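Chemist: my_file_17.cif is reproduced below (mmCIF, C-alpha atoms and all ligand atoms).
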```cif
data_input
loop_
_atom_site.group_PDB
_atom_site.id
_atom_site.type_symbol
_atom_site.label_atom_id
_atom_site.label_comp_id
_atom_site.auth_asym_id
_atom_site.auth_seq_id
_atom_site.Cartn_x
_atom_site.Cartn_y
_atom_site.Cartn_z
ATOM 1 C CA SER A 1 15.037 14.964 -5.745
ATOM 2 C CA LYS A 2 13.284 12.910 -3.086
ATOM 3 C CA PRO A 3 12.530 9.216 -3.508
ATOM 4 C CA ILE A 4 8.925 8.380 -4.358
ATOM 5 C CA VAL A 5 7.019 5.702 -2.451
ATOM 6 C CA ALA A 6 3.621 4.547 -3.760
ATOM 7 C CA ILE A 7 0.970 2.563 -1.882
ATOM 8 C CA VAL A 8 -1.016 0.057 -3.937
ATOM 9 C CA GLY A 9 -3.525 -2.613 -2.991
ATOM 10 C CA ARG A 10 -7.162 -3.624 -3.117
ATOM 11 C CA PRO A 11 -9.946 -1.242 -2.083
ATOM 12 C CA ASN A 12 -10.514 -1.179 1.683
ATOM 13 C CA VAL A 13 -7.213 -2.739 2.695
ATOM 14 C CA GLY A 14 -6.312 0.541 4.442
ATOM 15 C CA LYS A 15 -4.139 2.451 1.958
ATOM 16 C CA SER A 16 -5.604 5.857 2.755
ATOM 17 C CA THR A 17 -5.463 5.146 6.486
ATOM 18 C CA LEU A 18 -1.730 4.450 6.193
ATOM 19 C CA PHE A 19 -1.258 7.453 3.946
ATOM 20 C CA ASN A 20 -2.977 9.740 6.440
ATOM 21 C CA ALA A 21 -1.050 8.265 9.374
ATOM 22 C CA LEU A 22 2.247 9.060 7.650
ATOM 23 C CA ALA A 23 1.354 12.241 5.811
ATOM 24 C CA GLY A 24 0.440 14.594 8.606
ATOM 25 C CA GLU A 25 -0.593 17.891 7.062
ATOM 26 C CA ASN A 26 1.471 18.021 3.879
ATOM 27 C CA ILE A 27 -1.167 16.596 1.569
ATOM 28 C CA SER A 28 -1.814 17.769 -1.979
ATOM 29 C CA ILE A 29 -4.188 16.296 -4.518
ATOM 30 C CA VAL A 30 -3.464 16.098 -8.224
ATOM 31 C CA LYS A 31 -6.676 15.563 -10.149
ATOM 32 C CA ASP A 32 -6.858 14.184 -13.635
ATOM 33 C CA THR A 33 -10.033 13.863 -15.672
ATOM 34 C CA PRO A 34 -13.073 13.780 -13.368
ATOM 35 C CA GLY A 35 -14.499 10.303 -12.832
ATOM 36 C CA VAL A 36 -11.303 8.612 -13.892
ATOM 37 C CA THR A 37 -9.412 6.512 -11.387
ATOM 38 C CA ARG A 38 -6.191 8.401 -11.712
ATOM 39 C CA ASP A 39 -6.346 11.092 -9.049
ATOM 40 C CA ARG A 40 -3.101 10.898 -7.149
ATOM 41 C CA ILE A 41 -2.658 12.162 -3.641
ATOM 42 C CA TYR A 42 0.850 13.223 -2.627
ATOM 43 C CA ALA A 43 2.488 14.038 0.684
ATOM 44 C CA ASP A 44 6.012 14.880 1.790
ATOM 45 C CA VAL A 45 6.941 12.514 4.583
ATOM 46 C CA GLU A 46 9.888 12.585 6.984
ATOM 47 C CA TRP A 47 10.981 9.412 8.694
ATOM 48 C CA LEU A 48 14.089 9.575 10.908
ATOM 49 C CA ASN A 49 16.656 11.267 8.656
ATOM 50 C CA TYR A 50 14.838 10.289 5.479
ATOM 51 C CA GLN A 51 12.498 12.373 3.368
ATOM 52 C CA PHE A 52 10.312 10.979 0.642
ATOM 53 C CA THR A 53 7.202 11.679 -1.371
ATOM 54 C CA LEU A 54 4.326 9.316 -0.614
ATOM 55 C CA ILE A 55 1.590 8.615 -3.177
ATOM 56 C CA ASP A 56 -1.835 7.119 -2.483
ATOM 57 C CA THR A 57 -3.083 5.807 -5.826
ATOM 58 C CA GLY A 58 -6.552 4.786 -4.630
ATOM 59 C CA GLY A 59 -9.413 5.701 -6.951
ATOM 60 C CA ILE A 60 -13.153 5.360 -7.367
ATOM 61 C CA GLU A 61 -15.130 2.645 -5.568
ATOM 62 C CA PRO A 62 -15.237 -0.361 -7.876
ATOM 63 C CA ASP A 63 -18.429 -2.392 -8.108
ATOM 64 C CA SER A 64 -17.226 -5.769 -9.341
ATOM 65 C CA SER A 65 -14.209 -7.994 -8.983
ATOM 66 C CA ASP A 66 -13.298 -7.389 -12.642
ATOM 67 C CA VAL A 67 -13.229 -3.661 -12.014
ATOM 68 C CA ILE A 68 -11.231 -4.184 -8.823
ATOM 69 C CA LEU A 69 -8.558 -6.132 -10.662
ATOM 70 C CA SER A 70 -8.320 -3.710 -13.582
ATOM 71 C CA GLN A 71 -8.102 -0.775 -11.173
ATOM 72 C CA MET A 72 -5.406 -2.539 -9.168
ATOM 73 C CA ARG A 73 -3.439 -3.212 -12.341
ATOM 74 C CA GLU A 74 -3.745 0.447 -13.277
ATOM 75 C CA GLN A 75 -2.558 1.547 -9.817
ATOM 76 C CA ALA A 76 0.300 -0.891 -9.925
ATOM 77 C CA GLN A 77 1.349 0.389 -13.347
ATOM 78 C CA ILE A 78 1.341 3.983 -12.079
ATOM 79 C CA ALA A 79 3.474 2.862 -9.142
ATOM 80 C CA ILE A 80 5.870 0.920 -11.367
ATOM 81 C CA ASP A 81 6.236 3.924 -13.680
ATOM 82 C CA THR A 82 6.712 6.576 -11.004
ATOM 83 C CA ALA A 83 7.863 5.080 -7.698
ATOM 84 C CA ASP A 84 11.280 4.118 -6.356
ATOM 85 C CA VAL A 85 9.721 1.813 -3.755
ATOM 86 C CA ILE A 86 6.220 0.291 -3.791
ATOM 87 C CA ILE A 87 4.273 -0.544 -0.640
ATOM 88 C CA PHE A 88 1.920 -3.373 -1.606
ATOM 89 C CA MET A 89 -0.824 -3.578 0.993
ATOM 90 C CA VAL A 90 -2.985 -6.598 1.800
ATOM 91 C CA ASP A 91 -5.563 -7.289 4.511
ATOM 92 C CA VAL A 92 -4.803 -10.024 7.035
ATOM 93 C CA ARG A 93 -8.499 -10.326 7.900
ATOM 94 C CA GLN A 94 -9.532 -11.096 4.323
ATOM 95 C CA GLY A 95 -6.494 -13.233 3.664
ATOM 96 C CA LEU A 96 -4.810 -13.849 0.324
ATOM 97 C CA ILE A 97 -7.108 -13.446 -2.655
ATOM 98 C CA ASP A 98 -6.560 -14.041 -6.349
ATOM 99 C CA ALA A 99 -6.304 -10.372 -7.288
ATOM 100 C CA ASP A 100 -3.486 -9.961 -4.752
ATOM 101 C CA SER A 101 -1.532 -12.767 -6.407
ATOM 102 C CA LYS A 102 -2.026 -11.312 -9.882
ATOM 103 C CA VAL A 103 -0.860 -7.864 -8.862
ATOM 104 C CA ALA A 104 2.060 -9.356 -6.913
ATOM 105 C CA ASP A 105 3.153 -11.127 -10.129
ATOM 106 C CA MET A 106 3.017 -7.842 -11.996
ATOM 107 C CA LEU A 107 5.056 -6.056 -9.319
ATOM 108 C CA ARG A 108 7.626 -8.851 -9.183
ATOM 109 C CA ARG A 109 8.143 -8.702 -12.943
ATOM 110 C CA SER A 110 8.755 -4.941 -12.725
ATOM 111 C CA ARG A 111 11.822 -5.549 -10.537
ATOM 112 C CA LYS A 112 10.970 -2.485 -8.465
ATOM 113 C CA PRO A 113 11.569 -2.840 -4.720
ATOM 114 C CA VAL A 114 8.296 -3.934 -3.100
ATOM 115 C CA VAL A 115 7.482 -3.879 0.611
ATOM 116 C CA LEU A 116 4.597 -6.185 1.512
ATOM 117 C CA ALA A 117 2.514 -4.496 4.230
ATOM 118 C CA VAL A 118 -0.013 -6.837 5.857
ATOM 119 C CA ASN A 119 -2.527 -4.442 7.379
ATOM 120 C CA LYS A 120 -5.171 -4.842 10.084
ATOM 121 C CA ALA A 121 -2.808 -6.922 12.227
ATOM 122 C CA ASP A 122 -4.287 -5.022 15.157
ATOM 123 C CA ASN A 123 -3.413 -7.826 17.562
ATOM 124 C CA TYR A 124 0.151 -8.660 16.554
ATOM 125 C CA GLU A 125 0.508 -12.036 18.308
ATOM 126 C CA LYS A 126 -2.871 -13.296 17.185
ATOM 127 C CA SER A 127 -2.339 -12.174 13.595
ATOM 128 C CA LEU A 128 1.044 -13.792 12.983
ATOM 129 C CA PRO A 129 -0.145 -17.219 11.724
ATOM 130 C CA ASP A 130 -2.350 -15.456 9.165
ATOM 131 C CA VAL A 131 0.445 -13.046 8.236
ATOM 132 C CA TYR A 132 2.714 -15.967 7.224
ATOM 133 C CA GLU A 133 0.261 -16.973 4.471
ATOM 134 C CA PHE A 134 1.404 -13.934 2.498
ATOM 135 C CA TYR A 135 4.873 -15.445 1.990
ATOM 136 C CA ASN A 136 3.051 -17.307 -0.802
ATOM 137 C CA LEU A 137 2.942 -14.083 -2.842
ATOM 138 C CA GLY A 138 6.675 -14.488 -3.438
ATOM 139 C CA ILE A 139 7.479 -10.810 -2.951
ATOM 140 C CA GLY A 140 9.418 -11.028 0.280
ATOM 141 C CA ASP A 141 8.809 -10.864 4.009
ATOM 142 C CA PRO A 142 5.317 -9.745 5.041
ATOM 143 C CA GLN A 143 5.453 -6.722 7.363
ATOM 144 C CA PRO A 144 2.536 -6.840 9.814
ATOM 145 C CA ILE A 145 1.073 -3.410 10.503
ATOM 146 C CA SER A 146 -2.005 -1.775 11.925
ATOM 147 C CA ALA A 147 -2.457 1.464 10.016
ATOM 148 C CA ALA A 148 -5.439 2.396 12.179
ATOM 149 C CA GLY A 149 -3.602 1.542 15.401
ATOM 150 C CA LYS A 150 -0.296 3.002 14.122
ATOM 151 C CA GLN A 151 1.518 -0.209 15.019
ATOM 152 C CA GLY A 152 4.402 -1.734 13.106
ATOM 153 C CA LEU A 153 4.802 1.380 10.965
ATOM 154 C CA GLY A 154 8.369 2.043 12.121
ATOM 155 C CA ASP A 155 9.594 -1.446 11.295
ATOM 156 C CA MET A 156 7.890 -1.304 7.898
ATOM 157 C CA LEU A 157 9.376 2.125 7.093
ATOM 158 C CA ASP A 158 12.831 0.828 8.044
ATOM 159 C CA VAL A 159 12.439 -1.692 5.220
ATOM 160 C CA VAL A 160 11.163 1.014 2.834
ATOM 161 C CA VAL A 161 14.036 3.451 3.458
ATOM 162 C CA GLY A 162 16.491 0.544 3.239
ATOM 163 C CA TYR A 163 15.846 0.628 -0.529
ATOM 164 C CA PHE A 164 16.703 4.343 -0.947
HETATM 165 P P1 LIG B 201 -8.358 2.019 1.106
HETATM 166 O O1 LIG B 201 -9.585 1.807 0.308
HETATM 167 O O2 LIG B 201 -7.335 0.946 0.822
HETATM 168 O O3 LIG B 201 -7.799 3.393 1.004
HETATM 169 O O4 LIG B 201 -8.771 1.757 2.642
HETATM 170 P P2 LIG B 201 -9.151 2.828 3.789
HETATM 171 O O5 LIG B 201 -7.917 3.464 4.341
HETATM 172 O O6 LIG B 201 -10.209 3.712 3.276
HETATM 173 O O7 LIG B 201 -9.708 1.846 4.915
HETATM 174 C C1 LIG B 201 -10.777 0.951 4.648
HETATM 175 C C2 LIG B 201 -11.395 0.538 5.966
HETATM 176 O O8 LIG B 201 -10.466 -0.227 6.739
HETATM 177 C C3 LIG B 201 -11.800 1.721 6.856
HETATM 178 O O9 LIG B 201 -12.999 1.397 7.496
HETATM 179 C C4 LIG B 201 -10.644 1.806 7.855
HETATM 180 O O10 LIG B 201 -11.031 2.376 9.077
HETATM 181 C C5 LIG B 201 -10.289 0.344 8.032
HETATM 182 N N1 LIG B 201 -8.882 0.161 8.456
HETATM 183 C C6 LIG B 201 -7.778 0.730 7.945
HETATM 184 N N2 LIG B 201 -6.671 0.348 8.599
HETATM 185 C C7 LIG B 201 -7.073 -0.520 9.552
HETATM 186 C C8 LIG B 201 -6.382 -1.281 10.559
HETATM 187 O O11 LIG B 201 -5.173 -1.219 10.735
HETATM 188 N N3 LIG B 201 -7.153 -2.086 11.337
HETATM 189 C C9 LIG B 201 -8.500 -2.167 11.205
HETATM 190 N N4 LIG B 201 -9.153 -2.985 12.015
HETATM 191 N N5 LIG B 201 -9.185 -1.468 10.268
HETATM 192 C C10 LIG B 201 -8.482 -0.657 9.455
HETATM 193 MG MG MG B 202 -8.305 4.978 -0.252
#
```
Can I see the file as structure tokens?
Ligand code: GDP
Ligand code: MG

Modeler:
Amino acid sequence: SKPIVAIVGRPNVGKSTLFNALAGENISIVKDTPGVTRDRIYADVEWLNYQFTLIDTGGIEPDSSDVILSQMREQAQIAIDTADVIIFMVDVRQGLIDADSKVADMLRRSRKPVVLAVNKADNYEKSLPDVYEFYNLGIGDPQPISAAGKQGLGDMLDVVVGYF
């Protein structure tokens, strides 16, 4: 069956924007218990000659940093359990925050392939110095993208499908 790619990251980094940019019309929603964070949204994606299933694990809007971290851990665990490749998304405008580092540690320990997508790099040249900061996460080369502007997505997907 097709490889599974899951997007994880803090609220508002742009996970759903990326998901929608790649998913086109093939979206289906799998709902678990109402009010729980575990709804998963799936889409069948084609990229060049590759086909894969993409999962957006985003959940309810958290209201505190504790909730954000526990929700991120839960998302990351879902991704570790179900995905072949994990896209870990961060926000170049907010920079590296503690929750990112904690989740990066968790992903690294899982030994799953992780692609580090640094989103909101809308102006590629201007963003690069800030993008380099994310090397400190220790999960590989940061891939600058603009999900909203649909920039850098091809280069990032090349890295993703390289793990299939
Ligand atoms: P999620 O919570 O991680 O799913 O994030 P969303 O996809 O809902 O996006 C959160 C906010 O970031 C929205 O206002 C998006 O329009 C905005 N956003 C997403 N991608 C980009 C981007 O590439 N550049 C900029 N400037 N904003 C973005
Ligand atoms: Mg979302």

Chemist: Enter the distance from CA of Val118 in chain A to CA of Val131 in chain A, in Å, rounded to one decimal.

Modeler: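 One can read the CA of Val118 in chain A to CA of Val131 in chain A distance as 6.7 Å.
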
Chemist: Need the axis-aligned box for range 96-113 of chain A with 6 Å each side, so what are the centre and edges in Å to one decimal, as AutoDock Vina command-line options?

Modeler:
```
--center_x 2.4 --center_y -8.3 --center_z -6.3 --size_x 30.9 --size_y 23.6 --size_z 25.3
```

Chemist: Can you tell me which residues surround Asp81 in chain A at a distance of at most 10 Å, considering all atoms listed in the file, apart from same-chain residues fewer than 4 positions away, and format the answer as a list of chain:residue names?

Modeler: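 Listed by chain and then number, they are A:Gln75, A:Ala76, A:Gln77, A:Ser110, A:Lys112.
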
Chemist: Within 8 Å of Asp141 in chain A, counting only C-alpha atoms, which residues show up once you throw out same-chain ones fewer than 6 positions away? Write them as a PyMOL selection string, please.

Modeler: chain A and resi 115-116+135

Chemist: Using all atoms listed in the file, find each residue with an atom at most 8 Å away from ligand MG 202 (chain B) and format the answer as an NGL selection string.

Modeler: :A and (11-12 or 14-17 or 56-59)

Chemist: Can you tell me which residues sit at most 12 Å away from ligand LIG 201 (chain B), counting all atoms listed in the file, written as a PDB file with C-alpha atoms, in the frame of the given file?

Modeler:
```
ATOM      1  CA  ILE A   7       0.970   2.563  -1.882  1.00  0.00           C
ATOM      2  CA  VAL A   8      -1.016   0.057  -3.937  1.00  0.00           C
ATOM      3  CA  GLY A   9      -3.525  -2.613  -2.991  1.00  0.00           C
ATOM      4  CA  ARG A  10      -7.162  -3.624  -3.117  1.00  0.00           C
ATOM      5  CA  PRO A  11      -9.946  -1.242  -2.083  1.00  0.00           C
ATOM      6  CA  ASN A  12     -10.514  -1.179   1.683  1.00  0.00           C
ATOM      7  CA  VAL A  13      -7.213  -2.739   2.695  1.00  0.00           C
ATOM      8  CA  GLY A  14      -6.312   0.541   4.442  1.00  0.00           C
ATOM      9  CA  LYS A  15      -4.139   2.451   1.958  1.00  0.00           C
ATOM     10  CA  SER A  16      -5.604   5.857   2.755  1.00  0.00           C
ATOM     11  CA  THR A  17      -5.463   5.146   6.486  1.00  0.00           C
ATOM     12  CA  LEU A  18      -1.730   4.450   6.193  1.00  0.00           C
ATOM     13  CA  PHE A  19      -1.258   7.453   3.946  1.00  0.00           C
ATOM     14  CA  ASN A  20      -2.977   9.740   6.440  1.00  0.00           C
ATOM     15  CA  ALA A  21      -1.050   8.265   9.374  1.00  0.00           C
ATOM     16  CA  ILE A  41      -2.658  12.162  -3.641  1.00  0.00           C
ATOM     17  CA  ILE A  55       1.590   8.615  -3.177  1.00  0.00           C
ATOM     18  CA  ASP A  56      -1.835   7.119  -2.483  1.00  0.00           C
ATOM     19  CA  THR A  57      -3.083   5.807  -5.826  1.00  0.00           C
ATOM     20  CA  GLY A  58      -6.552   4.786  -4.630  1.00  0.00           C
ATOM     21  CA  GLY A  59      -9.413   5.701  -6.951  1.00  0.00           C
ATOM     22  CA  ILE A  60     -13.153   5.360  -7.367  1.00  0.00           C
ATOM     23  CA  GLU A  61     -15.130   2.645  -5.568  1.00  0.00           C
ATOM     24  CA  PRO A  62     -15.237  -0.361  -7.876  1.00  0.00           C
ATOM     25  CA  ILE A  68     -11.231  -4.184  -8.823  1.00  0.00           C
ATOM     26  CA  GLN A  71      -8.102  -0.775 -11.173  1.00  0.00           C
ATOM     27  CA  MET A  72      -5.406  -2.539  -9.168  1.00  0.00           C
ATOM     28  CA  GLN A  75      -2.558   1.547  -9.817  1.00  0.00           C
ATOM     29  CA  ILE A  87       4.273  -0.544  -0.640  1.00  0.00           C
ATOM     30  CA  PHE A  88       1.920  -3.373  -1.606  1.00  0.00           C
ATOM     31  CA  MET A  89      -0.824  -3.578   0.993  1.00  0.00           C
ATOM     32  CA  VAL A  90      -2.985  -6.598   1.800  1.00  0.00           C
ATOM     33  CA  ASP A  91      -5.563  -7.289   4.511  1.00  0.00           C
ATOM     34  CA  VAL A  92      -4.803 -10.024   7.035  1.00  0.00           C
ATOM     35  CA  ARG A  93      -8.499 -10.326   7.900  1.00  0.00           C
ATOM     36  CA  GLN A  94      -9.532 -11.096   4.323  1.00  0.00           C
ATOM     37  CA  ALA A 117       2.514  -4.496   4.230  1.00  0.00           C
ATOM     38  CA  VAL A 118      -0.013  -6.837   5.857  1.00  0.00           C
ATOM     39  CA  ASN A 119      -2.527  -4.442   7.379  1.00  0.00           C
ATOM     40  CA  LYS A 120      -5.171  -4.842  10.084  1.00  0.00           C
ATOM     41  CA  ALA A 121      -2.808  -6.922  12.227  1.00  0.00           C
ATOM     42  CA  ASP A 122      -4.287  -5.022  15.157  1.00  0.00           C
ATOM     43  CA  ASN A 123      -3.413  -7.826  17.562  1.00  0.00           C
ATOM     44  CA  TYR A 124       0.151  -8.660  16.554  1.00  0.00           C
ATOM     45  CA  SER A 127      -2.339 -12.174  13.595  1.00  0.00           C
ATOM     46  CA  PRO A 144       2.536  -6.840   9.814  1.00  0.00           C
ATOM     47  CA  ILE A 145       1.073  -3.410  10.503  1.00  0.00           C
ATOM     48  CA  SER A 146      -2.005  -1.775  11.925  1.00  0.00           C
ATOM     49  CA  ALA A 147      -2.457   1.464  10.016  1.00  0.00           C
ATOM     50  CA  ALA A 148      -5.439   2.396  12.179  1.00  0.00           C
ATOM     51  CA  GLY A 149      -3.602   1.542  15.401  1.00  0.00           C
ATOM     52  CA  LYS A 150      -0.296   3.002  14.122  1.00  0.00           C
ATOM     53  CA  GLN A 151       1.518  -0.209  15.019  1.00  0.00           C
ATOM     54  CA  GLY A 152       4.402  -1.734  13.106  1.00  0.00           C
ATOM     55  CA  LEU A 153       4.802   1.380  10.965  1.00  0.00           C
TER      56      LEU A 153
END
```

Chemist: Between CA of Asp84 in chain A and CA of Ile4 in chain A, what distance in Å does the model show, to one decimal?

Modeler: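 Here the two named atoms are 5.3 Å from each other.
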
Chemist: Between A:Asn136, A:Thr53, A:Gln143, A:Ser1, which residue has the minimum interatomic distance to Asp105 in chain A, considering all atoms listed in the file?

Modeler: A:Asn136

Chemist: Counting all atoms listed in the file, find residues at most 8 Å from (6.7, 7.7, -5.5) (file frame) and give them as a PyMOL selection string.

Modeler: chain A and resi 3-6+52-55+79+82-86

Chemist: Could you tell me, as a PDB file with C-alpha atoms, keeping the file's coordinate frame, which residues have any atom at most 12 Å from (-13.3, -10.7, -9.4), counting all atoms listed in the file?

Modeler:
```pdb
ATOM      1  CA  ARG A  10      -7.162  -3.624  -3.117  1.00  0.00           C
ATOM      2  CA  PRO A  62     -15.237  -0.361  -7.876  1.00  0.00           C
ATOM      3  CA  ASP A  63     -18.429  -2.392  -8.108  1.00  0.00           C
ATOM      4  CA  SER A  64     -17.226  -5.769  -9.341  1.00  0.00           C
ATOM      5  CA  SER A  65     -14.209  -7.994  -8.983  1.00  0.00           C
ATOM      6  CA  ASP A  66     -13.298  -7.389 -12.642  1.00  0.00           C
ATOM      7  CA  VAL A  67     -13.229  -3.661 -12.014  1.00  0.00           C
ATOM      8  CA  ILE A  68     -11.231  -4.184  -8.823  1.00  0.00           C
ATOM      9  CA  LEU A  69      -8.558  -6.132 -10.662  1.00  0.00           C
ATOM     10  CA  SER A  70      -8.320  -3.710 -13.582  1.00  0.00           C
ATOM     11  CA  GLN A  71      -8.102  -0.775 -11.173  1.00  0.00           C
ATOM     12  CA  MET A  72      -5.406  -2.539  -9.168  1.00  0.00           C
ATOM     13  CA  ILE A  97      -7.108 -13.446  -2.655  1.00  0.00           C
ATOM     14  CA  ASP A  98      -6.560 -14.041  -6.349  1.00  0.00           C
ATOM     15  CA  ALA A  99      -6.304 -10.372  -7.288  1.00  0.00           C
ATOM     16  CA  ASP A 100      -3.486  -9.961  -4.752  1.00  0.00           C
ATOM     17  CA  LYS A 102      -2.026 -11.312  -9.882  1.00  0.00           C
TER      18      LYS A 102
END
```

Chemist: So how many Å separate CA of Val103 in chain A and CA of Asp158 in chain A, to one decimal?

Modeler: 23.4 Å

Chemist: Between A:Lys2, A:Phe164, A:Tyr42, A:Ile80, single out the one closest to Arg111 in chain A, counting only C-alpha atoms.

Modeler: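 Between A:Lys2, A:Phe164, A:Tyr42, A:Ile80, the residue approaching Arg111 in chain A most closely is A:Ile80.
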
Chemist: Would you pick out the contacts of Ala104 in chain A at 7 Å or less, using all atoms listed in the file, so that residues sharing its chain but fewer than 3 positions from it are not included, and give the list as a ChimeraX atom specification?

Modeler: /A:100-101,107-108,137,139

Chemist: Measuring between all atoms listed in the file, which one of A:Gly95, A:Gly24, A:Pro113, A:Pro142 shows the shortest distance to Asp155 in chain A?

Modeler: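 Of the candidates, the smallest distance to Asp155 in chain A is held by A:Pro142.
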